[in-house]
Amino acid sequence: MKVLALGGCGAMGAMAVRTAATLRGVHEIVVADRDLAAAQALAHELADSGADAHACRVDVTDRAALHRVFAEADVVLNTVGPYYRFGLSVLRAAIDTGTHYLDICDDWEPTVQMLDFDDDARAAGVCAIIGMGASPGVSNLLAARAARELDSLADIYTAWPVDVPTMTGADTQLTGPDGTPTAAAVHWMQQISGTVAVVRAGDIVREPPLRPVTLAVPGGRAGTAYTVGHPEPVTLRRTLAPSGTAANLMVITPGTAAYLDGLRTDLDRGTLTNESAAVALAEPTMRRGLRSMVRSVGFKSPGTLPPFFAVAYGSKNGDPHAVLAHLDGGASLSEGAALTDDMARATGIPLALSLAQLVDGVAIRPGVHPPEGIIDIDRFFDDLAAHLDPERQRGRVVVEQCPIGTLPPVGRRDHGLSWCRVRE
């Protein structure tokens with residue numbers, strides 16, 4: 001299979017390319033980027049990978065160029081963001097040329113529009129898997145794994161870490177080599193401002209981000225996380241049909257939450273753009289730092305919540321039940337760090353492992369799919385464990401569950417089942 005890696009020179013794209021080059025069934029990789037020299041350097045690095053690698057220059061804003069290079073490929077790996085700017089046009093080009101497609105789209109607005117391309121993708125025989133990184137991506141699969149333990153699903157939350165102590169050595173990659181904000185940083189500013197999509201009473205609503213959600217989860221853990229705009233609520237509503245709430249959360253310290261809240265205020269006032277806010281995030285001023293210190297007293301701690309998890313609340317055998325699914329990270333993993341300690345690894349590796357399922361026919365069905373709608377969950381986590389921890393060769397997902405009544409009483413909320421330890 002011939003793979004076109006669009007934006008393959010970026011940190012996440014390069015990690016996906018390096019992993020994809022080792023997959024059986026991938027015989028050719030084209031590293032496509034605006035920076036031809038960087039693309040050529042990466043292709044040269046992959047000379048002994050087993051796949052034939054070469055480079056080409058492509059600008060995603062050039063529709064004719066996209067169609068030309070897509071028509072020569074079997075599948076596109078698209079890591080060019082922010083997706084609220086470029087996601088729709090790139091997916092459209094893939095459908096128009098009959099090219100299978102995977103991306104790491106982490107903006108909820110284009111996710112809704114991409115899913116509307118489903119009929120066109122089916123008619124073209126194109127399999128498109130959107131949002132297959134860490135969050136969204138791994139988080140969706142954790143959510144589906146947790147929900148699998150329940151007979152009926154009321155609420156589901158996915159959560160990812162920002163700056164909690166377990167993320168030693170984390171690389172948030174706020175600026176690129178040239179000092180300008182990364183697409184990930186610009187995306188983040190988009191998703192902490194304005195209104196974002198969450199699910200309430202089973203329906204999508206829009207509300208301001210950075211709302212506190214205090215959770216008690218199996219294992220005796222409890223703490224507060226904060227809402228952020230992400231695709232998970234949009235897609236989980238379609239695939240898992242929760243009757244209550246679905247939201248994506250940041251596990252974040254009070255000081256950083258307060259700093260983001262200050263940026264959100266200025267973004268909503270129009271005194272900052274997404275780009276200038278991303279600069280302010282990467283290079284905090286003393287004024288903003290002092291202001292966030294004052295604000296931080298109004299924000300709560302993440303407590304003992306896991307850094308990266310999904311938790312589902314619902315019914316099992318007629319009784320209210322809670323299920324937590326999270327990655328079992330730690331020093332035993334190869335390369336010395338948990339997956340979520342490095343954004344490039346956390347995003348690029350899952351993308352490539354999902355490509356493996358498309359290449360060998362496990363996850364290839366015409367249409368536009370979120371990860372949990374097409375990826376074989378057990379196979380994915382087995383592959384992830386084998387990639388991160390080749391010596392132990394065992395699954396790295398921990399599933400914990402308990403009756404809701406045994407959770408710490410952090411708050412009571414009617415779910416139509418009984419009550420749950422959740423407060424918003």
# chains A, B, ... in the order shown; residues from 1 in each chain; ligands from 1

$ residues_around --residues "segment 259-264 of chain A" --least-positions-apart "6" --cutoff "7 Å" --atoms "only C-alpha atoms" --output "VMD selection string"
chain A and resid 192 to 193 277 292

$ write_last_selection --atoms "N, CA and C atoms" --output "compact mmCIF listing (two decimals), in the first residue's frame"
# COMPACT_ATOMS: atom_id res chain seq x y z
N ILE A 192 -10.78 26.70 24.00
CA ILE A 192 -11.05 27.21 25.36
C ILE A 192 -11.81 28.52 25.30
N SER A 193 -12.29 28.90 24.12
CA SER A 193 -12.97 30.18 23.98
C SER A 193 -14.33 29.98 23.32
N ALA A 277 -3.06 34.61 21.40
CA ALA A 277 -3.26 33.90 22.67
C ALA A 277 -2.30 32.74 22.80
N SER A 292 -3.19 35.35 36.94
CA SER A 292 -3.63 33.96 37.09
C SER A 292 -3.44 33.46 38.51

$ residues_around --residues "Trp188 of chain A" --least-positions-apart "6" --cutoff "9 Å" --atoms "only C-alpha atoms" --output "mmCIF file with C-alpha atoms, in the first residue's frame"
data_model
loop_
_atom_site.group_PDB
_atom_site.id
_atom_site.type_symbol
_atom_site.label_atom_id
_atom_site.label_comp_id
_atom_site.auth_asym_id
_atom_site.auth_seq_id
_atom_site.Cartn_x
_atom_site.Cartn_y
_atom_site.Cartn_z
ATOM 1 C CA ASP A 107 -11.581 20.337 16.586
ATOM 2 C CA VAL A 228 -12.755 21.911 26.770
ATOM 3 C CA GLY A 229 -13.954 21.814 23.185
ATOM 4 C CA ASN A 274 -6.092 32.455 18.598
ATOM 5 C CA ALA A 278 -1.059 30.939 21.711
#

$ residues_around --residues "segment 306-317 of chain A" --least-positions-apart "5" --cutoff "8 Å" --atoms "only C-alpha atoms" --output "count of residues only"
34

$ residues_around --residues "segment 198-203 of chain A" --least-positions-apart "5" --cutoff "9 Å" --atoms "only C-alpha atoms" --output "MDAnalysis selection string"
chainID A and resid 154:155 227 229:230 232:234 237 241:248 415

$ residues_around --residues "Val186 of chain A" --least-positions-apart "6" --cutoff "12 Å" --atoms "only C-alpha atoms" --output "PDB file with all heavy atoms, in the first residue's frame"
ATOM      1  N   GLY A  81      -2.771  20.748  10.743  1.00  0.00           N
ATOM      2  CA  GLY A  81      -3.773  21.502  11.482  1.00  0.00           C
ATOM      3  C   GLY A  81      -3.486  22.987  11.395  1.00  0.00           C
ATOM      4  O   GLY A  81      -2.488  23.398  10.793  1.00  0.00           O
ATOM      5  N   PRO A  82      -4.352  23.795  12.026  1.00  0.00           N
ATOM      6  CA  PRO A  82      -5.556  23.370  12.740  1.00  0.00           C
ATOM      7  C   PRO A  82      -6.642  22.893  11.779  1.00  0.00           C
ATOM      8  O   PRO A  82      -6.805  23.416  10.688  1.00  0.00           O
ATOM      9  CB  PRO A  82      -5.990  24.634  13.495  1.00  0.00           C
ATOM     10  CG  PRO A  82      -5.438  25.769  12.697  1.00  0.00           C
ATOM     11  CD  PRO A  82      -4.150  25.265  12.113  1.00  0.00           C
ATOM     12  N   TYR A  83      -7.398  21.924  12.257  1.00  0.00           N
ATOM     13  CA  TYR A  83      -8.363  21.274  11.383  1.00  0.00           C
ATOM     14  C   TYR A  83      -9.588  22.136  11.112  1.00  0.00           C
ATOM     15  O   TYR A  83     -10.299  21.909  10.133  1.00  0.00           O
ATOM     16  CB  TYR A  83      -8.757  19.914  11.970  1.00  0.00           C
ATOM     17  CG  TYR A  83      -7.640  18.921  11.806  1.00  0.00           C
ATOM     18  CD1 TYR A  83      -6.632  18.816  12.756  1.00  0.00           C
ATOM     19  CD2 TYR A  83      -7.564  18.125  10.679  1.00  0.00           C
ATOM     20  CE1 TYR A  83      -5.576  17.938  12.584  1.00  0.00           C
ATOM     21  CE2 TYR A  83      -6.526  17.226  10.494  1.00  0.00           C
ATOM     22  CZ  TYR A  83      -5.528  17.143  11.455  1.00  0.00           C
ATOM     23  OH  TYR A  83      -4.478  16.273  11.277  1.00  0.00           O
ATOM     24  N   TYR A  84      -9.850  23.117  11.976  1.00  0.00           N
ATOM     25  CA  TYR A  84     -10.979  23.996  11.671  1.00  0.00           C
ATOM     26  C   TYR A  84     -10.673  24.866  10.455  1.00  0.00           C
ATOM     27  O   TYR A  84     -11.583  25.461   9.883  1.00  0.00           O
ATOM     28  CB  TYR A  84     -11.382  24.842  12.888  1.00  0.00           C
ATOM     29  CG  TYR A  84     -10.376  25.872  13.371  1.00  0.00           C
ATOM     30  CD1 TYR A  84     -10.311  27.130  12.785  1.00  0.00           C
ATOM     31  CD2 TYR A  84      -9.531  25.594  14.436  1.00  0.00           C
ATOM     32  CE1 TYR A  84      -9.411  28.090  13.241  1.00  0.00           C
ATOM     33  CE2 TYR A  84      -8.628  26.538  14.893  1.00  0.00           C
ATOM     34  CZ  TYR A  84      -8.579  27.788  14.292  1.00  0.00           C
ATOM     35  OH  TYR A  84      -7.680  28.731  14.756  1.00  0.00           O
ATOM     36  N   ARG A  85      -9.420  24.906  10.028  1.00  0.00           N
ATOM     37  CA  ARG A  85      -9.049  25.625   8.815  1.00  0.00           C
ATOM     38  C   ARG A  85      -8.878  24.690   7.614  1.00  0.00           C
ATOM     39  O   ARG A  85      -9.298  25.012   6.504  1.00  0.00           O
ATOM     40  CB  ARG A  85      -7.747  26.398   9.022  1.00  0.00           C
ATOM     41  CG  ARG A  85      -7.880  27.591   9.938  1.00  0.00           C
ATOM     42  CD  ARG A  85      -6.570  28.322  10.068  1.00  0.00           C
ATOM     43  NE  ARG A  85      -6.679  29.428  11.006  1.00  0.00           N
ATOM     44  CZ  ARG A  85      -5.643  30.030  11.572  1.00  0.00           C
ATOM     45  NH1 ARG A  85      -4.409  29.631  11.291  1.00  0.00           N
ATOM     46  NH2 ARG A  85      -5.825  31.029  12.407  1.00  0.00           N
ATOM     47  N   ASP A 106      -8.740  17.334  15.946  1.00  0.00           N
ATOM     48  CA  ASP A 106      -9.103  17.534  17.345  1.00  0.00           C
ATOM     49  C   ASP A 106     -10.001  18.746  17.555  1.00  0.00           C
ATOM     50  O   ASP A 106     -10.146  19.229  18.680  1.00  0.00           O
ATOM     51  CB  ASP A 106      -7.847  17.648  18.215  1.00  0.00           C
ATOM     52  CG  ASP A 106      -6.827  18.625  17.640  1.00  0.00           C
ATOM     53  OD1 ASP A 106      -7.129  19.302  16.643  1.00  0.00           O
ATOM     54  OD2 ASP A 106      -5.712  18.715  18.206  1.00  0.00           O
ATOM     55  N   ASP A 107     -10.610  19.246  16.496  1.00  0.00           N
ATOM     56  CA  ASP A 107     -11.581  20.337  16.586  1.00  0.00           C
ATOM     57  C   ASP A 107     -12.986  19.776  16.386  1.00  0.00           C
ATOM     58  O   ASP A 107     -13.237  19.042  15.425  1.00  0.00           O
ATOM     59  CB  ASP A 107     -11.303  21.395  15.513  1.00  0.00           C
ATOM     60  CG  ASP A 107     -10.026  22.169  15.773  1.00  0.00           C
ATOM     61  OD1 ASP A 107      -9.879  22.687  16.893  1.00  0.00           O
ATOM     62  OD2 ASP A 107      -9.183  22.253  14.873  1.00  0.00           O
ATOM     63  N   GLN A 173       4.737  21.244  23.219  1.00  0.00           N
ATOM     64  CA  GLN A 173       5.008  21.697  21.856  1.00  0.00           C
ATOM     65  C   GLN A 173       4.139  22.887  21.473  1.00  0.00           C
ATOM     66  O   GLN A 173       3.314  22.829  20.575  1.00  0.00           O
ATOM     67  CB  GLN A 173       4.812  20.541  20.872  1.00  0.00           C
ATOM     68  CG  GLN A 173       5.800  19.407  21.119  1.00  0.00           C
ATOM     69  CD  GLN A 173       5.474  18.167  20.326  1.00  0.00           C
ATOM     70  OE1 GLN A 173       4.324  17.794  20.210  1.00  0.00           O
ATOM     71  NE2 GLN A 173       6.476  17.509  19.804  1.00  0.00           N
ATOM     72  N   LEU A 174       4.339  24.005  22.181  1.00  0.00           N
ATOM     73  CA  LEU A 174       3.550  25.206  21.940  1.00  0.00           C
ATOM     74  C   LEU A 174       4.105  26.036  20.795  1.00  0.00           C
ATOM     75  O   LEU A 174       3.370  26.820  20.198  1.00  0.00           O
ATOM     76  CB  LEU A 174       3.478  26.053  23.215  1.00  0.00           C
ATOM     77  CG  LEU A 174       2.824  25.374  24.428  1.00  0.00           C
ATOM     78  CD1 LEU A 174       2.884  26.291  25.634  1.00  0.00           C
ATOM     79  CD2 LEU A 174       1.387  24.989  24.118  1.00  0.00           C
ATOM     80  N   THR A 175       5.383  25.898  20.516  1.00  0.00           N
ATOM     81  CA  THR A 175       5.989  26.643  19.420  1.00  0.00           C
ATOM     82  C   THR A 175       6.787  25.710  18.529  1.00  0.00           C
ATOM     83  O   THR A 175       7.302  24.686  18.962  1.00  0.00           O
ATOM     84  CB  THR A 175       6.925  27.758  19.946  1.00  0.00           C
ATOM     85  OG1 THR A 175       7.939  27.167  20.760  1.00  0.00           O
ATOM     86  CG2 THR A 175       6.159  28.773  20.763  1.00  0.00           C
ATOM     87  N   GLY A 176       6.895  26.086  17.254  1.00  0.00           N
ATOM     88  CA  GLY A 176       7.665  25.315  16.301  1.00  0.00           C
ATOM     89  C   GLY A 176       9.102  25.756  16.274  1.00  0.00           C
ATOM     90  O   GLY A 176       9.519  26.650  17.029  1.00  0.00           O
ATOM     91  N   THR A 180       7.153  30.257  16.037  1.00  0.00           N
ATOM     92  CA  THR A 180       5.741  30.585  15.886  1.00  0.00           C
ATOM     93  C   THR A 180       4.887  29.521  16.569  1.00  0.00           C
ATOM     94  O   THR A 180       5.317  28.378  16.747  1.00  0.00           O
ATOM     95  CB  THR A 180       5.352  30.675  14.401  1.00  0.00           C
ATOM     96  OG1 THR A 180       5.612  29.405  13.771  1.00  0.00           O
ATOM     97  CG2 THR A 180       6.148  31.767  13.702  1.00  0.00           C
ATOM     98  N   ILE A 192     -10.779  26.702  24.003  1.00  0.00           N
ATOM     99  CA  ILE A 192     -11.046  27.211  25.360  1.00  0.00           C
ATOM    100  C   ILE A 192     -11.809  28.519  25.301  1.00  0.00           C
ATOM    101  O   ILE A 192     -11.965  29.190  26.339  1.00  0.00           O
ATOM    102  CB  ILE A 192      -9.749  27.406  26.171  1.00  0.00           C
ATOM    103  CG1 ILE A 192      -8.850  28.457  25.498  1.00  0.00           C
ATOM    104  CG2 ILE A 192      -9.024  26.078  26.388  1.00  0.00           C
ATOM    105  CD1 ILE A 192      -7.822  29.074  26.437  1.00  0.00           C
ATOM    106  N   SER A 193     -12.291  28.899  24.124  1.00  0.00           N
ATOM    107  CA  SER A 193     -12.974  30.179  23.977  1.00  0.00           C
ATOM    108  C   SER A 193     -14.333  29.984  23.322  1.00  0.00           C
ATOM    109  O   SER A 193     -14.647  28.902  22.804  1.00  0.00           O
ATOM    110  CB  SER A 193     -12.126  31.135  23.133  1.00  0.00           C
ATOM    111  OG  SER A 193     -11.868  30.598  21.853  1.00  0.00           O
ATOM    112  N   LEU A 267      -9.843  36.361  24.733  1.00  0.00           N
ATOM    113  CA  LEU A 267     -10.285  35.858  23.439  1.00  0.00           C
ATOM    114  C   LEU A 267     -11.750  36.200  23.184  1.00  0.00           C
ATOM    115  O   LEU A 267     -12.125  36.648  22.096  1.00  0.00           O
ATOM    116  CB  LEU A 267     -10.094  34.340  23.365  1.00  0.00           C
ATOM    117  CG  LEU A 267      -8.675  33.841  23.112  1.00  0.00           C
ATOM    118  CD1 LEU A 267      -8.547  32.377  23.525  1.00  0.00           C
ATOM    119  CD2 LEU A 267      -8.301  33.997  21.638  1.00  0.00           C
ATOM    120  N   LEU A 272      -7.626  39.341  21.989  1.00  0.00           N
ATOM    121  CA  LEU A 272      -6.630  38.374  21.544  1.00  0.00           C
ATOM    122  C   LEU A 272      -7.209  37.571  20.391  1.00  0.00           C
ATOM    123  O   LEU A 272      -8.417  37.293  20.357  1.00  0.00           O
ATOM    124  CB  LEU A 272      -6.236  37.409  22.672  1.00  0.00           C
ATOM    125  CG  LEU A 272      -5.345  37.906  23.804  1.00  0.00           C
ATOM    126  CD1 LEU A 272      -5.161  36.793  24.837  1.00  0.00           C
ATOM    127  CD2 LEU A 272      -3.998  38.373  23.291  1.00  0.00           C
ATOM    128  N   THR A 273      -6.352  37.185  19.463  1.00  0.00           N
ATOM    129  CA  THR A 273      -6.715  36.193  18.447  1.00  0.00           C
ATOM    130  C   THR A 273      -6.224  34.836  18.924  1.00  0.00           C
ATOM    131  O   THR A 273      -5.466  34.743  19.911  1.00  0.00           O
ATOM    132  CB  THR A 273      -6.063  36.519  17.102  1.00  0.00           C
ATOM    133  OG1 THR A 273      -4.630  36.429  17.254  1.00  0.00           O
ATOM    134  CG2 THR A 273      -6.443  37.914  16.643  1.00  0.00           C
ATOM    135  N   ASN A 274      -6.613  33.773  18.236  1.00  0.00           N
ATOM    136  CA  ASN A 274      -6.092  32.455  18.598  1.00  0.00           C
ATOM    137  C   ASN A 274      -4.572  32.426  18.531  1.00  0.00           C
ATOM    138  O   ASN A 274      -3.907  31.820  19.384  1.00  0.00           O
ATOM    139  CB  ASN A 274      -6.667  31.383  17.670  1.00  0.00           C
ATOM    140  CG  ASN A 274      -8.142  31.117  17.922  1.00  0.00           C
ATOM    141  OD1 ASN A 274      -8.666  31.430  18.982  1.00  0.00           O
ATOM    142  ND2 ASN A 274      -8.814  30.530  16.938  1.00  0.00           N
ATOM    143  N   GLU A 275      -4.016  33.099  17.529  1.00  0.00           N
ATOM    144  CA  GLU A 275      -2.559  33.101  17.361  1.00  0.00           C
ATOM    145  C   GLU A 275      -1.872  33.897  18.466  1.00  0.00           C
ATOM    146  O   GLU A 275      -0.867  33.439  19.040  1.00  0.00           O
ATOM    147  CB  GLU A 275      -2.200  33.671  15.984  1.00  0.00           C
ATOM    148  CG  GLU A 275      -2.518  32.742  14.823  1.00  0.00           C
ATOM    149  CD  GLU A 275      -3.997  32.674  14.479  1.00  0.00           C
ATOM    150  OE1 GLU A 275      -4.774  33.529  14.976  1.00  0.00           O
ATOM    151  OE2 GLU A 275      -4.372  31.766  13.718  1.00  0.00           O
ATOM    152  N   SER A 276      -2.375  35.087  18.775  1.00  0.00           N
ATOM    153  CA  SER A 276      -1.729  35.891  19.817  1.00  0.00           C
ATOM    154  C   SER A 276      -1.927  35.275  21.196  1.00  0.00           C
ATOM    155  O   SER A 276      -1.058  35.374  22.070  1.00  0.00           O
ATOM    156  CB  SER A 276      -2.242  37.334  19.786  1.00  0.00           C
ATOM    157  OG  SER A 276      -3.647  37.394  20.022  1.00  0.00           O
ATOM    158  N   ALA A 277      -3.058  34.612  21.400  1.00  0.00           N
ATOM    159  CA  ALA A 277      -3.264  33.905  22.669  1.00  0.00           C
ATOM    160  C   ALA A 277      -2.297  32.740  22.799  1.00  0.00           C
ATOM    161  O   ALA A 277      -1.780  32.464  23.890  1.00  0.00           O
ATOM    162  CB  ALA A 277      -4.702  33.410  22.762  1.00  0.00           C
ATOM    163  N   ALA A 278      -2.026  32.039  21.681  1.00  0.00           N
ATOM    164  CA  ALA A 278      -1.059  30.939  21.711  1.00  0.00           C
ATOM    165  C   ALA A 278       0.333  31.456  22.052  1.00  0.00           C
ATOM    166  O   ALA A 278       1.092  30.788  22.765  1.00  0.00           O
ATOM    167  CB  ALA A 278      -1.048  30.207  20.375  1.00  0.00           C
ATOM    168  N   VAL A 279       0.681  32.641  21.547  1.00  0.00           N
ATOM    169  CA  VAL A 279       1.970  33.254  21.901  1.00  0.00           C
ATOM    170  C   VAL A 279       1.997  33.569  23.397  1.00  0.00           C
ATOM    171  O   VAL A 279       2.991  33.304  24.086  1.00  0.00           O
ATOM    172  CB  VAL A 279       2.211  34.526  21.073  1.00  0.00           C
ATOM    173  CG1 VAL A 279       3.425  35.286  21.605  1.00  0.00           C
ATOM    174  CG2 VAL A 279       2.412  34.182  19.604  1.00  0.00           C
ATOM    175  N   ALA A 280       0.902  34.119  23.909  1.00  0.00           N
ATOM    176  CA  ALA A 280       0.834  34.443  25.339  1.00  0.00           C
ATOM    177  C   ALA A 280       0.893  33.193  26.203  1.00  0.00           C
ATOM    178  O   ALA A 280       1.367  33.242  27.343  1.00  0.00           O
ATOM    179  CB  ALA A 280      -0.453  35.223  25.623  1.00  0.00           C
ATOM    180  N   LEU A 281       0.420  32.077  25.675  1.00  0.00           N
ATOM    181  CA  LEU A 281       0.502  30.811  26.404  1.00  0.00           C
ATOM    182  C   LEU A 281       1.937  30.303  26.438  1.00  0.00           C
ATOM    183  O   LEU A 281       2.416  29.819  27.471  1.00  0.00           O
ATOM    184  CB  LEU A 281      -0.403  29.773  25.742  1.00  0.00           C
ATOM    185  CG  LEU A 281      -0.444  28.379  26.356  1.00  0.00           C
ATOM    186  CD1 LEU A 281      -1.032  28.433  27.764  1.00  0.00           C
ATOM    187  CD2 LEU A 281      -1.255  27.436  25.478  1.00  0.00           C
ATOM    188  N   ALA A 282       2.631  30.427  25.306  1.00  0.00           N
ATOM    189  CA  ALA A 282       4.006  29.932  25.221  1.00  0.00           C
ATOM    190  C   ALA A 282       4.990  30.831  25.962  1.00  0.00           C
ATOM    191  O   ALA A 282       6.003  30.354  26.476  1.00  0.00           O
ATOM    192  CB  ALA A 282       4.421  29.797  23.759  1.00  0.00           C
TER     193      ALA A 282
END

$ select_by_dssp --residues "segment 207-411 of chain A" --states "alpha helix (DSSP H)" --output "JSON, numbers by chain"
{"A": [232, 233, 234, 235, 236, 237, 238, 239, 254, 255, 256, 257, 258, 259, 260, 261, 262, 263, 264, 265, 266, 267, 268, 269, 274, 275, 276, 277, 278, 279, 280, 281, 282, 286, 287, 288, 289, 290, 291, 292, 293, 294, 295, 343, 344, 345, 346, 347, 348, 349, 350, 351, 352, 353, 354, 355, 356, 357, 358, 359, 377, 378, 379, 380, 381, 382, 383, 384, 385, 386, 387, 388]}

$ residues_around --residues "Gly137 of chain A" --least-positions-apart "3" --cutoff "8 Å" --atoms "only C-alpha atoms" --output "list in words"
Ile104, Gly131, Met132, Gly133, Ala134, Asn140, Leu141, Pro350, Pro371 and Glu372 of chain A

$ write_last_selection --atoms "all heavy atoms" --output "PDB file, in the first residue's frame"
ATOM      1  N   ILE A 104      -5.939  13.270  12.580  1.00  0.00           N
ATOM      2  CA  ILE A 104      -5.922  13.456  14.031  1.00  0.00           C
ATOM      3  C   ILE A 104      -6.751  14.683  14.385  1.00  0.00           C
ATOM      4  O   ILE A 104      -6.425  15.421  15.320  1.00  0.00           O
ATOM      5  CB  ILE A 104      -4.477  13.591  14.562  1.00  0.00           C
ATOM      6  CG1 ILE A 104      -3.711  14.693  13.810  1.00  0.00           C
ATOM      7  CG2 ILE A 104      -3.741  12.259  14.475  1.00  0.00           C
ATOM      8  CD1 ILE A 104      -2.333  15.022  14.409  1.00  0.00           C
ATOM      9  N   GLY A 131      -9.935  11.864  13.657  1.00  0.00           N
ATOM     10  CA  GLY A 131      -9.681  12.050  15.079  1.00  0.00           C
ATOM     11  C   GLY A 131      -8.999  10.869  15.742  1.00  0.00           C
ATOM     12  O   GLY A 131      -9.333  10.508  16.867  1.00  0.00           O
ATOM     13  N   MET A 132      -7.984  10.273  15.089  1.00  0.00           N
ATOM     14  CA  MET A 132      -7.341   9.091  15.642  1.00  0.00           C
ATOM     15  C   MET A 132      -5.945   9.425  16.160  1.00  0.00           C
ATOM     16  O   MET A 132      -4.920   9.031  15.602  1.00  0.00           O
ATOM     17  CB  MET A 132      -7.292   7.978  14.584  1.00  0.00           C
ATOM     18  CG  MET A 132      -6.888   6.619  15.131  1.00  0.00           C
ATOM     19  SD  MET A 132      -7.860   6.056  16.531  1.00  0.00           S
ATOM     20  CE  MET A 132      -6.607   5.945  17.818  1.00  0.00           C
ATOM     21  N   GLY A 133      -5.910  10.221  17.240  1.00  0.00           N
ATOM     22  CA  GLY A 133      -4.663  10.523  17.922  1.00  0.00           C
ATOM     23  C   GLY A 133      -4.741  10.045  19.356  1.00  0.00           C
ATOM     24  O   GLY A 133      -5.119   8.899  19.625  1.00  0.00           O
ATOM     25  N   ALA A 134      -4.403  10.927  20.287  1.00  0.00           N
ATOM     26  CA  ALA A 134      -4.525  10.603  21.710  1.00  0.00           C
ATOM     27  C   ALA A 134      -5.918  10.987  22.194  1.00  0.00           C
ATOM     28  O   ALA A 134      -6.717  10.154  22.575  1.00  0.00           O
ATOM     29  CB  ALA A 134      -3.443  11.310  22.514  1.00  0.00           C
ATOM     30  N   ASN A 140     -11.355   8.000  22.857  1.00  0.00           N
ATOM     31  CA  ASN A 140     -12.605   7.408  22.359  1.00  0.00           C
ATOM     32  C   ASN A 140     -12.638   5.906  22.595  1.00  0.00           C
ATOM     33  O   ASN A 140     -13.670   5.341  22.968  1.00  0.00           O
ATOM     34  CB  ASN A 140     -12.751   7.660  20.860  1.00  0.00           C
ATOM     35  CG  ASN A 140     -12.773   9.120  20.491  1.00  0.00           C
ATOM     36  OD1 ASN A 140     -11.818   9.838  20.735  1.00  0.00           O
ATOM     37  ND2 ASN A 140     -13.863   9.566  19.885  1.00  0.00           N
ATOM     38  N   LEU A 141     -11.500   5.261  22.341  1.00  0.00           N
ATOM     39  CA  LEU A 141     -11.437   3.813  22.506  1.00  0.00           C
ATOM     40  C   LEU A 141     -11.513   3.416  23.977  1.00  0.00           C
ATOM     41  O   LEU A 141     -12.121   2.391  24.321  1.00  0.00           O
ATOM     42  CB  LEU A 141     -10.165   3.269  21.856  1.00  0.00           C
ATOM     43  CG  LEU A 141     -10.015   3.576  20.361  1.00  0.00           C
ATOM     44  CD1 LEU A 141      -8.740   2.942  19.821  1.00  0.00           C
ATOM     45  CD2 LEU A 141     -11.224   3.105  19.569  1.00  0.00           C
ATOM     46  N   PRO A 350      -0.666   6.244  17.808  1.00  0.00           N
ATOM     47  CA  PRO A 350      -2.019   5.718  17.584  1.00  0.00           C
ATOM     48  C   PRO A 350      -2.496   5.880  16.148  1.00  0.00           C
ATOM     49  O   PRO A 350      -3.187   4.998  15.617  1.00  0.00           O
ATOM     50  CB  PRO A 350      -2.872   6.544  18.558  1.00  0.00           C
ATOM     51  CG  PRO A 350      -1.929   6.910  19.662  1.00  0.00           C
ATOM     52  CD  PRO A 350      -0.623   7.176  18.961  1.00  0.00           C
ATOM     53  N   PRO A 371     -13.070   7.028  15.652  1.00  0.00           N
ATOM     54  CA  PRO A 371     -12.286   5.830  16.008  1.00  0.00           C
ATOM     55  C   PRO A 371     -13.118   4.705  16.600  1.00  0.00           C
ATOM     56  O   PRO A 371     -12.977   3.539  16.204  1.00  0.00           O
ATOM     57  CB  PRO A 371     -11.271   6.370  17.019  1.00  0.00           C
ATOM     58  CG  PRO A 371     -11.116   7.809  16.658  1.00  0.00           C
ATOM     59  CD  PRO A 371     -12.475   8.260  16.210  1.00  0.00           C
ATOM     60  N   GLU A 372     -14.004   5.041  17.541  1.00  0.00           N
ATOM     61  CA  GLU A 372     -14.752   3.998  18.233  1.00  0.00           C
ATOM     62  C   GLU A 372     -15.791   3.346  17.326  1.00  0.00           C
ATOM     63  O   GLU A 372     -16.349   2.297  17.680  1.00  0.00           O
ATOM     64  CB  GLU A 372     -15.427   4.563  19.490  1.00  0.00           C
ATOM     65  CG  GLU A 372     -16.617   5.487  19.256  1.00  0.00           C
ATOM     66  CD  GLU A 372     -16.256   6.922  18.921  1.00  0.00           C
ATOM     67  OE1 GLU A 372     -15.064   7.208  18.634  1.00  0.00           O
ATOM     68  OE2 GLU A 372     -17.168   7.771  18.935  1.00  0.00           O
TER      69      GLU A 372
END

$ select_by_dssp --residues "segment 29-216 of chain A" --states "strand (DSSP E or B)" --output "number ranges by chain"
A: 29-33, 52-57, 75-78, 100-103, 127-129, 133, 137, 152-161, 171, 175, 181, 196-200, 203-207, 212-216

$ residues_around --residues "Arg92 of chain A" --least-positions-apart "5" --cutoff "12 Å" --atoms "only C-alpha atoms" --output "list in words"
Val60, Arg63, Leu66, His67, Phe70, Val76, Phe86, Gly87, Thr97, Gly98, Thr99, His100, Tyr101, Pro110, Gln113, Met114, Leu115, Asp116, Phe117, Asp118, Asp120, Ala121, Ala124, Val126, Ala128 and Val368 of chain A

$ closest_residue --among "A:Ala258, A:Asp35, A:Ala185, A:Thr271" --to "Pro212 of chain A" --atoms "only C-alpha atoms"
A:Ala258

$ atom_distance --atom1 "atom CA of Lys300 of chain A" --atom2 "atom CA of Gln191 of chain A"
20.3 Å

$ closest_residue --among "A:Val58, A:Gly373, A:Ser354, A:Pro218" --to "Gly405 of chain A" --atoms "only C-alpha atoms"
A:Pro218

$ atom_distance --atom1 "atom CA of Gly361 of chain A" --atom2 "atom CA of Asp378 of chain A"
15.5 Å

$ closest_atom_pairs --of "segment 301-407 of chain A" --to "segment 8-32 of chain A" --cutoff "6 Å" --atoms "only C-alpha atoms" --output "CSV"
residue,atom,partner,partner_atom,distance
A:Ala344,CA,A:Met12,CA,4.3
A:Gly348,CA,A:Ala16,CA,4.1
A:Ile349,CA,A:Ala16,CA,5.5
A:Ala352,CA,A:Ala20,CA,5.2

$ decode --residues "segment 58-62 of chain A" --atoms "C-alpha atoms" --output "short mmCIF file (atom, residue, chain, number, x, y, z; two decimals), in the first residue's frame"
data_model
loop_
_atom_site.label_atom_id
_atom_site.label_comp_id
_atom_site.auth_asym_id
_atom_site.auth_seq_id
_atom_site.Cartn_x
_atom_site.Cartn_y
_atom_site.Cartn_z
CA VAL A 58 2.58 20.05 -1.26
CA ASP A 59 0.64 23.05 0.02
CA VAL A 60 -2.76 22.02 1.44
CA THR A 61 -4.29 25.25 0.15
CA ASP A 62 -3.51 24.19 -3.45
#
